[in-house]
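**Q** File name data_23.txt; file contents compact mmCIF, N, CA, C and O atoms and all ligand atoms; full text below.
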# COMPACT_ATOMS: atom_id res chain seq x y z
N MET A 3 199.64 38.39 187.72
CA MET A 3 199.80 39.71 187.15
C MET A 3 198.44 40.20 186.68
O MET A 3 197.65 39.45 186.14
N ARG A 4 198.25 41.40 186.91
CA ARG A 4 197.00 41.98 186.45
C ARG A 4 197.29 43.17 185.54
O ARG A 4 198.20 43.94 185.80
N VAL A 5 196.54 43.25 184.51
CA VAL A 5 196.65 44.38 183.59
C VAL A 5 195.31 45.09 183.59
O VAL A 5 194.27 44.45 183.43
N TYR A 6 195.39 46.34 183.80
CA TYR A 6 194.16 47.13 183.83
C TYR A 6 194.10 48.03 182.61
O TYR A 6 195.10 48.58 182.18
N THR A 7 192.93 48.12 182.08
CA THR A 7 192.72 49.10 181.01
C THR A 7 192.50 50.46 181.64
O THR A 7 192.20 50.56 182.83
N VAL A 8 192.66 51.48 180.86
CA VAL A 8 192.41 52.83 181.37
C VAL A 8 190.94 52.93 181.75
O VAL A 8 190.06 52.55 180.98
N GLN A 9 190.71 53.40 182.94
CA GLN A 9 189.33 53.50 183.41
C GLN A 9 188.56 54.52 182.57
O GLN A 9 189.03 55.61 182.32
N LYS A 10 187.38 54.09 182.14
CA LYS A 10 186.55 54.99 181.34
C LYS A 10 185.96 56.08 182.20
O LYS A 10 185.89 55.97 183.41
N GLU A 11 185.49 57.13 181.53
CA GLU A 11 184.80 58.19 182.25
C GLU A 11 183.56 57.65 182.91
O GLU A 11 183.00 56.64 182.48
N LYS A 12 183.15 58.30 183.95
CA LYS A 12 181.93 57.91 184.63
C LYS A 12 180.76 58.01 183.66
O LYS A 12 180.55 59.05 183.05
N GLN A 13 180.04 56.90 183.49
CA GLN A 13 178.92 56.88 182.55
C GLN A 13 177.61 56.79 183.32
O GLN A 13 177.46 55.94 184.18
N PRO A 14 176.66 57.64 182.99
CA PRO A 14 175.38 57.60 183.71
C PRO A 14 174.56 56.38 183.31
O PRO A 14 174.58 55.94 182.16
N GLU A 15 173.86 55.81 184.28
CA GLU A 15 172.93 54.72 183.99
C GLU A 15 171.53 55.25 183.77
O GLU A 15 170.80 54.76 182.93
N VAL A 16 171.17 56.24 184.56
CA VAL A 16 169.83 56.82 184.47
C VAL A 16 169.95 58.33 184.61
O VAL A 16 170.67 58.82 185.47
N ILE A 17 169.27 59.05 183.72
CA ILE A 17 169.11 60.49 183.88
C ILE A 17 167.63 60.77 183.73
O ILE A 17 166.99 60.28 182.79
N GLN A 18 167.08 61.51 184.66
CA GLN A 18 165.67 61.90 184.58
C GLN A 18 165.56 63.40 184.60
O GLN A 18 166.31 64.08 185.32
N CYS A 19 164.65 63.92 183.80
CA CYS A 19 164.40 65.35 183.80
C CYS A 19 163.78 65.73 185.15
O CYS A 19 162.77 65.14 185.55
N ASN A 20 164.38 66.68 185.84
CA ASN A 20 163.87 67.09 187.14
C ASN A 20 162.53 67.82 187.02
O ASN A 20 161.78 67.89 187.99
N CYS A 21 162.22 68.36 185.84
CA CYS A 21 160.98 69.11 185.68
C CYS A 21 159.80 68.19 185.41
O CYS A 21 158.80 68.25 186.12
N CYS A 22 159.89 67.31 184.42
CA CYS A 22 158.74 66.48 184.02
C CYS A 22 158.90 65.01 184.40
O CYS A 22 157.95 64.24 184.29
N GLY A 23 160.09 64.60 184.79
CA GLY A 23 160.31 63.22 185.20
C GLY A 23 160.67 62.27 184.07
O GLY A 23 160.91 61.08 184.31
N LYS A 24 160.70 62.76 182.82
CA LYS A 24 161.00 61.91 181.68
C LYS A 24 162.40 61.31 181.83
O LYS A 24 163.34 61.98 182.23
N ARG A 25 162.52 60.03 181.48
CA ARG A 25 163.83 59.37 181.46
C ARG A 25 164.52 59.71 180.15
O ARG A 25 163.96 59.52 179.08
N ILE A 26 165.75 60.17 180.25
CA ILE A 26 166.55 60.51 179.08
C ILE A 26 167.12 59.22 178.50
O ILE A 26 167.60 58.35 179.24
N LEU A 27 167.06 59.09 177.17
CA LEU A 27 167.52 57.87 176.51
C LEU A 27 169.04 57.74 176.60
O LEU A 27 169.78 58.64 176.20
N ILE A 28 169.48 56.61 177.16
CA ILE A 28 170.91 56.29 177.26
C ILE A 28 171.12 54.90 176.67
O ILE A 28 170.41 53.96 177.03
N GLU A 29 172.05 54.78 175.74
CA GLU A 29 172.39 53.47 175.16
C GLU A 29 173.88 53.24 175.33
O GLU A 29 174.69 54.07 174.90
N ASN A 30 174.22 52.14 175.95
CA ASN A 30 175.63 51.78 176.19
C ASN A 30 176.39 52.92 176.88
O ASN A 30 177.53 53.20 176.53
N GLY A 31 175.74 53.55 177.80
CA GLY A 31 176.39 54.62 178.56
C GLY A 31 176.48 55.94 177.83
O GLY A 31 177.07 56.89 178.34
N ILE A 32 175.89 56.01 176.62
CA ILE A 32 175.95 57.25 175.84
C ILE A 32 174.57 57.91 175.83
O ILE A 32 173.57 57.26 175.50
N VAL A 33 174.53 59.17 176.20
CA VAL A 33 173.27 59.93 176.22
C VAL A 33 172.86 60.19 174.78
O VAL A 33 173.63 60.75 174.00
N ARG A 34 171.65 59.74 174.41
CA ARG A 34 171.20 59.78 173.02
C ARG A 34 170.19 60.87 172.70
O ARG A 34 169.53 60.81 171.66
N GLU A 35 170.02 61.81 173.58
CA GLU A 35 169.14 62.94 173.28
C GLU A 35 169.61 64.16 174.07
O GLU A 35 170.45 64.05 174.95
N GLY A 36 169.06 65.30 173.73
CA GLY A 36 169.49 66.53 174.37
C GLY A 36 169.13 66.57 175.84
O GLY A 36 168.02 66.23 176.22
N VAL A 37 170.08 66.98 176.64
CA VAL A 37 169.84 67.14 178.07
C VAL A 37 170.66 68.33 178.57
O VAL A 37 171.80 68.54 178.15
N PHE A 38 170.03 69.13 179.42
CA PHE A 38 170.71 70.28 180.03
C PHE A 38 171.03 69.91 181.46
O PHE A 38 170.15 69.53 182.23
N SER A 39 172.30 70.01 181.83
CA SER A 39 172.72 69.67 183.19
C SER A 39 173.28 70.93 183.86
O SER A 39 174.08 71.64 183.25
N ALA A 40 172.86 71.16 185.08
CA ALA A 40 173.34 72.33 185.81
C ALA A 40 173.83 71.91 187.19
O ALA A 40 173.24 71.03 187.83
N ASP A 41 174.93 72.49 187.60
CA ASP A 41 175.50 72.30 188.94
C ASP A 41 175.86 73.67 189.49
O ASP A 41 176.44 74.48 188.78
N CYS A 42 175.53 73.89 190.73
CA CYS A 42 175.90 75.16 191.38
C CYS A 42 176.23 74.90 192.84
O CYS A 42 175.45 74.28 193.56
N THR A 43 177.39 75.34 193.24
CA THR A 43 177.72 75.36 194.67
C THR A 43 177.49 76.78 195.15
O THR A 43 178.16 77.71 194.71
N TRP A 44 176.51 76.93 196.03
CA TRP A 44 176.13 78.25 196.50
C TRP A 44 177.21 78.81 197.40
O TRP A 44 177.82 78.10 198.18
N GLY A 45 177.43 80.09 197.27
CA GLY A 45 178.51 80.74 197.98
C GLY A 45 178.11 81.32 199.34
O GLY A 45 176.96 81.25 199.77
N TYR A 46 179.09 81.90 199.99
CA TYR A 46 178.96 82.42 201.35
C TYR A 46 177.84 83.44 201.49
O TYR A 46 177.12 83.44 202.49
N PHE A 47 177.65 84.29 200.52
CA PHE A 47 176.66 85.36 200.65
C PHE A 47 175.25 84.94 200.24
O PHE A 47 174.34 85.76 200.24
N SER A 48 175.07 83.69 199.93
CA SER A 48 173.73 83.19 199.62
C SER A 48 173.09 82.64 200.89
O SER A 48 173.74 82.52 201.93
N LYS A 49 171.82 82.25 200.77
CA LYS A 49 171.13 81.62 201.90
C LYS A 49 171.36 80.11 201.91
O LYS A 49 170.82 79.39 202.73
N LYS A 50 172.16 79.62 200.93
CA LYS A 50 172.42 78.18 200.81
C LYS A 50 173.92 77.90 200.87
O LYS A 50 174.42 76.99 200.24
N ASP A 51 174.63 78.66 201.64
CA ASP A 51 176.09 78.59 201.71
C ASP A 51 176.60 77.15 201.77
O ASP A 51 176.24 76.40 202.66
N GLY A 52 177.43 76.80 200.78
CA GLY A 52 178.08 75.50 200.78
C GLY A 52 177.25 74.37 200.22
O GLY A 52 177.73 73.24 200.09
N GLU A 53 175.99 74.62 199.86
CA GLU A 53 175.15 73.55 199.31
C GLU A 53 175.41 73.42 197.81
O GLU A 53 175.47 74.42 197.09
N LEU A 54 175.56 72.17 197.33
CA LEU A 54 175.67 71.90 195.90
C LEU A 54 174.29 71.50 195.40
O LEU A 54 173.70 70.54 195.90
N HIS A 55 173.78 72.25 194.46
CA HIS A 55 172.50 71.92 193.84
C HIS A 55 172.78 71.51 192.39
O HIS A 55 173.58 72.14 191.71
N SER A 56 172.11 70.46 191.94
CA SER A 56 172.27 70.02 190.55
C SER A 56 170.95 69.48 190.04
O SER A 56 170.14 68.97 190.82
N PHE A 57 170.75 69.63 188.74
CA PHE A 57 169.54 69.09 188.12
C PHE A 57 169.76 68.91 186.63
O PHE A 57 170.70 69.45 186.05
N ASP A 58 168.87 68.11 186.04
CA ASP A 58 168.90 67.86 184.60
C ASP A 58 167.54 68.20 184.03
O ASP A 58 166.51 68.00 184.68
N LEU A 59 167.54 68.70 182.81
CA LEU A 59 166.29 69.00 182.11
C LEU A 59 166.31 68.36 180.73
O LEU A 59 167.34 68.41 180.04
N CYS A 60 165.17 67.77 180.31
CA CYS A 60 165.06 67.31 178.93
C CYS A 60 164.99 68.55 178.04
O CYS A 60 164.76 69.67 178.52
N GLU A 61 165.18 68.35 176.75
CA GLU A 61 165.25 69.50 175.85
C GLU A 61 163.92 70.26 175.80
O GLU A 61 163.91 71.50 175.72
N ASP A 62 162.79 69.55 175.86
CA ASP A 62 161.49 70.22 175.82
C ASP A 62 161.30 71.13 177.04
O ASP A 62 160.83 72.27 176.91
N CYS A 63 161.64 70.63 178.22
CA CYS A 63 161.49 71.45 179.43
C CYS A 63 162.47 72.61 179.41
O CYS A 63 162.12 73.72 179.84
N TYR A 64 163.68 72.39 178.94
CA TYR A 64 164.65 73.48 178.81
C TYR A 64 164.06 74.60 177.95
O TYR A 64 164.09 75.76 178.32
N ASP A 65 163.50 74.21 176.78
CA ASP A 65 162.94 75.21 175.87
C ASP A 65 161.80 75.99 176.53
O ASP A 65 161.70 77.21 176.38
N LYS A 66 160.93 75.28 177.26
CA LYS A 66 159.81 75.95 177.94
C LYS A 66 160.32 76.93 178.99
O LYS A 66 159.80 78.04 179.11
N ILE A 67 161.32 76.52 179.75
CA ILE A 67 161.82 77.37 180.85
C ILE A 67 162.55 78.59 180.31
O ILE A 67 162.32 79.71 180.78
N VAL A 68 163.40 78.42 179.31
CA VAL A 68 164.16 79.59 178.83
C VAL A 68 163.26 80.59 178.12
O VAL A 68 163.61 81.77 178.04
N LYS A 69 162.10 80.14 177.61
CA LYS A 69 161.16 81.08 176.99
C LYS A 69 160.60 82.06 178.02
O LYS A 69 160.09 83.11 177.65
N THR A 70 160.67 81.70 179.31
CA THR A 70 160.17 82.59 180.35
C THR A 70 161.22 83.62 180.78
O THR A 70 160.91 84.54 181.53
N PHE A 71 162.46 83.46 180.32
CA PHE A 71 163.54 84.39 180.68
C PHE A 71 163.32 85.74 180.01
O PHE A 71 162.95 85.81 178.84
N ARG A 72 163.57 86.81 180.74
CA ARG A 72 163.53 88.14 180.14
C ARG A 72 164.71 88.33 179.18
O ARG A 72 164.61 88.96 178.15
N ILE A 73 165.85 87.75 179.55
CA ILE A 73 167.05 87.79 178.71
C ILE A 73 167.37 86.34 178.33
O ILE A 73 167.57 85.50 179.21
N PRO A 74 167.41 86.03 177.04
CA PRO A 74 167.65 84.63 176.66
C PRO A 74 169.06 84.18 177.00
O PRO A 74 169.96 85.00 177.16
N PRO A 75 169.26 82.85 177.12
CA PRO A 75 170.60 82.34 177.41
C PRO A 75 171.57 82.70 176.28
O PRO A 75 171.17 82.79 175.12
N LYS A 76 172.81 82.86 176.64
CA LYS A 76 173.85 83.11 175.65
C LYS A 76 174.06 81.83 174.86
O LYS A 76 174.11 80.73 175.42
N GLN A 77 174.15 81.96 173.55
CA GLN A 77 174.35 80.78 172.69
C GLN A 77 175.60 80.96 171.85
O GLN A 77 175.79 82.00 171.24
N ILE A 78 176.42 79.94 171.85
CA ILE A 78 177.63 79.94 171.02
C ILE A 78 177.64 78.61 170.28
O ILE A 78 177.44 77.55 170.87
N GLN A 79 177.84 78.65 168.96
CA GLN A 79 177.90 77.40 168.19
C GLN A 79 179.24 76.72 168.46
O GLN A 79 180.30 77.30 168.24
N SER A 80 179.17 75.48 168.96
CA SER A 80 180.39 74.73 169.24
C SER A 80 180.79 73.93 168.01
O SER A 80 179.97 73.23 167.42
N ASN A 81 182.04 74.02 167.66
CA ASN A 81 182.54 73.24 166.52
C ASN A 81 183.25 71.98 166.96
O ASN A 81 183.72 71.22 166.14
N GLU A 82 183.33 71.77 168.27
CA GLU A 82 184.04 70.60 168.79
C GLU A 82 183.04 69.55 169.23
O GLU A 82 182.90 69.25 170.40
N MET A 83 182.33 68.94 168.30
CA MET A 83 181.40 67.88 168.60
C MET A 83 182.11 66.54 168.46
O MET A 83 182.92 66.34 167.58
N ILE A 84 181.80 65.65 169.38
CA ILE A 84 182.45 64.32 169.35
C ILE A 84 181.69 63.44 168.39
O ILE A 84 180.52 63.39 168.34
ZN ZN A 101 161.31 67.39 180.97
Before anything else, please render the file you have as structure tokens.
Ligand SMILES: [Zn+2]
**A**
Amino acid sequence: MRVYTVQKEKQPEVIQCNCCGKRILIENGIVREGVFSADCTWGYFSKKDGELHSFDLCEDCYDKIVKTFRIPPKQIQSNEMI
């Protein structure tokens, strides 16, 4: 007989900032610093139809990049922190 525990969520082993290459700190499968993750599946009317693009940014690179935006990102304070 085998008893299985509920499978845990997929835990990352390595995350690297796509901009600067810095390794994001992960301890026991838990991300221990700020990281911005983006995923986009390009649609039919784009030049990348059907391609999934994804990347991660460390918090410093995120801050540098959004400072170049003409319109800043929308920010909402989340009260549901784990
Ligand atoms: Zn970075």
**Q** Hey, could you make a per-residue contact list for chain A against ligand ZN 101 (chain A) with 6 Å as the cut-off, showing the nearest pair of atoms and its distance in Å to one decimal, counting all atoms listed in the file, sorted by chain and number, as JSON lines?
**A**
{"residue": "A:Cys19", "atom": "CA", "partner": "A:ZN101", "partner_atom": "ZN", "distance": 4.7}
{"residue": "A:Asn20", "atom": "N", "partner": "A:ZN101", "partner_atom": "ZN", "distance": 5.8}
{"residue": "A:Cys21", "atom": "C", "partner": "A:ZN101", "partner_atom": "ZN", "distance": 4.8}
{"residue": "A:Cys22", "atom": "N", "partner": "A:ZN101", "partner_atom": "ZN", "distance": 3.7}
{"residue": "A:Gly23", "atom": "N", "partner": "A:ZN101", "partner_atom": "ZN", "distance": 4.9}
{"residue": "A:Lys24", "atom": "N", "partner": "A:ZN101", "partner_atom": "ZN", "distance": 5.0}
{"residue": "A:Leu59", "atom": "C", "partner": "A:ZN101", "partner_atom": "ZN", "distance": 5.1}
{"residue": "A:Cys60", "atom": "N", "partner": "A:ZN101", "partner_atom": "ZN", "distance": 3.9}
{"residue": "A:Glu61", "atom": "N", "partner": "A:ZN101", "partner_atom": "ZN", "distance": 5.8}
{"residue": "A:Asp62", "atom": "C", "partner": "A:ZN101", "partner_atom": "ZN", "distance": 5.4}
{"residue": "A:Cys63", "atom": "N", "partner": "A:ZN101", "partner_atom": "ZN", "distance": 4.3}
{"residue": "A:Tyr64", "atom": "N", "partner": "A:ZN101", "partner_atom": "ZN", "distance": 5.9}
**Q** Calculated over all atoms listed in the file, which of the candidates A:Ser56, A:Asn30, A:Asn81, A:Thr70 has the smallest distance to Cys42 (chain A)?
**A**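 Looking only at the distances to Cys42 (chain A), the closest residue turns out to be A:Ser56.
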**Q** For the structure I just gave you, how does DSSP split chain A - specifically, which residues are strand (DSSP E or B)? Reply as a VMD selection string.
**A** chain A and resid 18 25 28 to 29 32 to 33 37 to 43 54 to 60
**Q** Between atom O of Gly31 (chain A) and atom N of Lys12 (chain A), measure the distance and give it in Å to one decimal.
**A**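 Value for the atom O of Gly31 (chain A)-atom N of Lys12 (chain A) distance: 8.4 Å.
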**Q** Counting only N, CA, C and O atoms, figure out which residue out of A:Glu15, A:Phe57, A:Arg25, A:Gly52 gets nearest to Ser39 (chain A).
**A**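 For Ser39 (chain A), the nearest of the given residues is A:Phe57.
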**Q** State, in Å with one decimal place, the distance from CA of Val16 (chain A) to atom N of Lys66 (chain A).
**A** 21.7 Å
**Q** Please report the interatomic distance between atom C of Gln77 (chain A) and atom C of Val33 (chain A) in Å with one decimal.
**A**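 Between atom C of Gln77 (chain A) and atom C of Val33 (chain A) the gap is 21.2 Å.
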**Q** Using the file's own x, y and z axes, so that the box edges lie along x, y and z, what centre and edge lengths in Å (one decimal) does a box around every listed atom of region 64-82 of chain A get when 8 Å is added on each side? Give it as lines of an AutoDock Vina configuration file.
**A**
center_x = 171.9
center_y = 79.1
center_z = 173.8
size_x = 40.2
size_y = 35.7
size_z = 31.4
